[in-house]
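Everything on this sheet refers to the single structure shown next.
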Amino acid sequence: QQAVIENAVAGRDVFVRMPTGGGKSLCYQLPAWCCPGITVVISPLLSLIQDQVQSMTMVGVDSVYLSSNQDYEGEQRDITRRLNEATPHGGIKLLYLTPEKLSNSNHMRSILRRLHSRGLLNRFVVDEAHCLSDWGHDFRPDYNRLGILRSEYPGVPLMALTATANEKVVNDAIRALGMRNEYRYVSSFNRPNLRYEVRKKDGKTIESIADYIGKRRNDSGVIYCLSRKDCEVLSQKLQEIRGFWRT
């Protein structure tokens, strides 16, 4: 991360493709903490945003998010007040938003314009940047409107990060954001610490999963399903088969 952080602190646009678990978040969190002003992070999932805000707050970095799920008269108004009272070296350091919040909220954009006019926008960070490319499987229309960051807030550096992008998607994302003279850090997808095994389905998938877990009762792991309902059904069946209680 050192080269990425050094280029970010120097004020350059930066694009980072780094595997999951490679430490992408530190690439913008450390510059946000040590540089004047507020870093605005745009991320697609509210649950991930909440986790990031909680983890940064726990280590003493003043971090907030704004969402339509929050009470306007309470939490949102208090955060807005704190943003308006921010100084280059005091107050909120990280502000997290979803792309929909930025795209659809005139109030949010007016807050950002005020911060920009006071020179308090340190950087815009676009996480999961592969969502910018309509060639990618996770394309989201509100991501594609993030080109306004360059036009509405001139002079504010950009950083984009992803773990899943080929060269075409990387170039699409850079073009969509209007990055200039960007520093690119592109690492390999290879994860030498992982071993992959493919098994043929035999009609007894759930029983096979239960047997696999049963032999590793002292280990931890994750089972991915396509939907929340699939997770709930699988969890219930595993409990019926083996009496597993953790889901």
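Letters A, B, ... go to the chains of the structure tokens in the order shown; residues in each chain start at 1; ligands are counted from 1 in the same order.
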
Sorted by chain and rising residue number, which residues of stretch 85-154 of chain A lie within 10 Å of stretch 49-55 of chain A, and what are their closest atom pairs and distances in Å to one decimal, counting only C-alpha atoms, as CSV?
```
residue,atom,partner,partner_atom,distance
A:Leu94,CA,A:Val53,CA,8.2
A:Leu95,CA,A:Val53,CA,8.6
A:Tyr96,CA,A:Ile49,CA,6.5
A:Leu97,CA,A:Ile49,CA,7.7
A:Thr98,CA,A:Ile49,CA,8.3
```

Quiz item: Leaving out A:Met108 and any residue of its chain fewer than 6 positions from it, which residues lie within 10 Å of it when counting only C-alpha atoms, given as a PyMOL selection string?
Solution: chain A and resi 66-67+80+97+101-102

Mind dumping the selected residues with N, CA, C and O atoms as a short mmCIF file (atom, residue, chain, number, x, y, z; two decimals), in the first residue's frame?
```cif
data_model
loop_
_atom_site.label_atom_id
_atom_site.label_comp_id
_atom_site.auth_asym_id
_atom_site.auth_seq_id
_atom_site.Cartn_x
_atom_site.Cartn_y
_atom_site.Cartn_z
N LEU A 66 -24.22 9.16 5.82
CA LEU A 66 -25.54 9.73 5.66
C LEU A 66 -26.36 8.82 4.77
O LEU A 66 -25.91 8.42 3.69
N SER A 67 -27.57 8.49 5.23
CA SER A 67 -28.43 7.56 4.51
C SER A 67 -29.88 7.95 4.73
O SER A 67 -30.24 8.54 5.76
N THR A 80 -25.15 16.79 9.62
CA THR A 80 -25.07 17.96 8.75
C THR A 80 -24.46 19.14 9.50
O THR A 80 -23.61 19.87 8.98
N LEU A 97 -21.04 7.56 1.78
CA LEU A 97 -22.32 7.70 1.09
C LEU A 97 -22.51 6.54 0.12
O LEU A 97 -21.53 5.97 -0.37
N LYS A 101 -27.42 7.95 -2.77
CA LYS A 101 -27.56 9.12 -1.90
C LYS A 101 -26.95 10.35 -2.56
O LYS A 101 -27.53 11.44 -2.55
N LEU A 102 -25.79 10.18 -3.16
CA LEU A 102 -25.14 11.30 -3.83
C LEU A 102 -25.91 11.75 -5.06
O LEU A 102 -26.08 12.94 -5.31
#
```

Exercise. Identify all residues of stretch 78-127 of chain A in strand (DSSP E) (DSSP on the backbone) and supply them as an NGL selection string.
Key: :A and (94-97 or 121-126)

Prev. selection, all heavy atoms, output as a compact mmCIF listing (two decimals), in the first residue's frame:
```txt
# COMPACT_ATOMS: atom_id res chain seq x y z
N LEU A 94 -13.94 11.25 7.70
CA LEU A 94 -14.46 10.35 6.66
C LEU A 94 -15.98 10.44 6.62
O LEU A 94 -16.65 10.28 7.64
CB LEU A 94 -14.04 8.91 6.94
CG LEU A 94 -12.60 8.53 6.59
CD1 LEU A 94 -12.17 7.29 7.36
CD2 LEU A 94 -12.48 8.26 5.09
N LEU A 95 -16.51 10.70 5.43
CA LEU A 95 -17.95 10.73 5.20
C LEU A 95 -18.29 9.67 4.17
O LEU A 95 -17.80 9.71 3.04
CB LEU A 95 -18.39 12.11 4.70
CG LEU A 95 -19.82 12.22 4.16
CD1 LEU A 95 -20.85 11.92 5.27
CD2 LEU A 95 -20.06 13.60 3.55
N TYR A 96 -19.11 8.69 4.55
CA TYR A 96 -19.49 7.59 3.67
C TYR A 96 -20.89 7.82 3.10
O TYR A 96 -21.82 8.19 3.83
CB TYR A 96 -19.47 6.26 4.42
CG TYR A 96 -18.10 5.75 4.78
CD1 TYR A 96 -17.42 6.25 5.88
CD2 TYR A 96 -17.47 4.77 4.01
CE1 TYR A 96 -16.14 5.78 6.21
CE2 TYR A 96 -16.21 4.29 4.34
CZ TYR A 96 -15.56 4.80 5.45
OH TYR A 96 -14.30 4.33 5.77
N LEU A 97 -21.04 7.56 1.78
CA LEU A 97 -22.32 7.70 1.09
C LEU A 97 -22.51 6.54 0.12
O LEU A 97 -21.53 5.97 -0.37
CB LEU A 97 -22.36 9.00 0.27
CG LEU A 97 -22.04 10.32 0.96
CD1 LEU A 97 -21.89 11.42 -0.08
CD2 LEU A 97 -23.13 10.67 1.96
N LEU A 121 -12.83 19.58 1.02
CA LEU A 121 -12.92 18.25 0.41
C LEU A 121 -11.52 17.78 0.06
O LEU A 121 -10.88 18.29 -0.86
CB LEU A 121 -13.81 18.29 -0.84
CG LEU A 121 -15.30 18.48 -0.59
CD1 LEU A 121 -16.05 18.46 -1.93
CD2 LEU A 121 -15.86 17.41 0.34
N ASN A 122 -11.05 16.80 0.80
CA ASN A 122 -9.69 16.29 0.60
C ASN A 122 -9.61 15.33 -0.59
O ASN A 122 -8.68 15.37 -1.37
CB ASN A 122 -9.22 15.58 1.87
CG ASN A 122 -7.90 14.87 1.68
OD1 ASN A 122 -6.93 15.45 1.21
ND2 ASN A 122 -7.85 13.60 2.03
N ARG A 123 -10.63 14.46 -0.72
CA ARG A 123 -10.61 13.45 -1.77
C ARG A 123 -11.96 12.77 -1.87
O ARG A 123 -12.66 12.62 -0.87
CB ARG A 123 -9.53 12.40 -1.49
CG ARG A 123 -9.46 11.24 -2.50
CD ARG A 123 -8.30 10.31 -2.21
NE ARG A 123 -7.03 10.99 -2.39
CZ ARG A 123 -6.40 11.09 -3.56
NH1 ARG A 123 -6.91 10.53 -4.64
NH2 ARG A 123 -5.24 11.71 -3.64
N PHE A 124 -12.33 12.36 -3.08
CA PHE A 124 -13.46 11.45 -3.29
C PHE A 124 -12.90 10.05 -3.54
O PHE A 124 -11.98 9.88 -4.34
CB PHE A 124 -14.31 11.87 -4.49
CG PHE A 124 -15.21 13.03 -4.23
CD1 PHE A 124 -14.90 14.29 -4.74
CD2 PHE A 124 -16.36 12.89 -3.47
CE1 PHE A 124 -15.72 15.37 -4.51
CE2 PHE A 124 -17.19 13.97 -3.24
CZ PHE A 124 -16.87 15.22 -3.74
N VAL A 125 -13.46 9.07 -2.85
CA VAL A 125 -13.05 7.67 -3.01
C VAL A 125 -14.25 6.88 -3.52
O VAL A 125 -15.35 6.94 -2.95
CB VAL A 125 -12.58 7.07 -1.66
CG1 VAL A 125 -12.28 5.59 -1.82
CG2 VAL A 125 -11.37 7.83 -1.14
N VAL A 126 -14.06 6.15 -4.61
CA VAL A 126 -15.11 5.31 -5.17
C VAL A 126 -14.72 3.85 -4.96
O VAL A 126 -13.80 3.34 -5.61
CB VAL A 126 -15.32 5.60 -6.67
CG1 VAL A 126 -16.42 4.70 -7.24
CG2 VAL A 126 -15.66 7.07 -6.88
```

Quiz prompt | Residue nearest A:Glu100 among A:Met159, A:Leu146, A:Val198, A:Ala10 (counting only C-alpha atoms) | solution =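 Of A:Met159, A:Leu146, A:Val198, A:Ala10, the one nearest A:Glu100 is A:Leu146, counting only C-alpha atoms.
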
Quiz item: Quick one: distance from atom CA of A:Phe15 to atom CA of A:Gln29 in Å, one decimal?
Solution: 14.8 Å

Quiz prompt | DSSP helix (DSSP H, G or I) residues within stretch 139-233 of chain A, as a VMD selection string | solution = chain A and resid 143 to 145 148 to 152 167 to 177 205 to 214 228 to 233

Self-check item: Interatomic distance, atom CA of A:Pro154 to atom CA of A:Gly91 (Å, one decimal)
Solution: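 Computed distance, atom CA of A:Pro154 to atom CA of A:Gly91, equals 23.0 Å.
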
Self-check item: Two-atom distance - atom CA of A:Gln70, atom CA of A:Leu46 (Å)
Solution: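 Answer for the atom CA of A:Gln70 to atom CA of A:Leu46 separation: 11.4 Å.
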
Quiz item: Hey, which of A:Gly90, A:Gly178, A:Gly22, A:Gly214 ends up closest to A:Ile241? Count only C-alpha atoms.
Solution: A:Gly214

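Shortest atom-to-atom contact with A:Tyr143 among A:Leu161, A:Ser43, A:Val222, A:Tyr196: A:Ser43, counting only C-alpha atoms.
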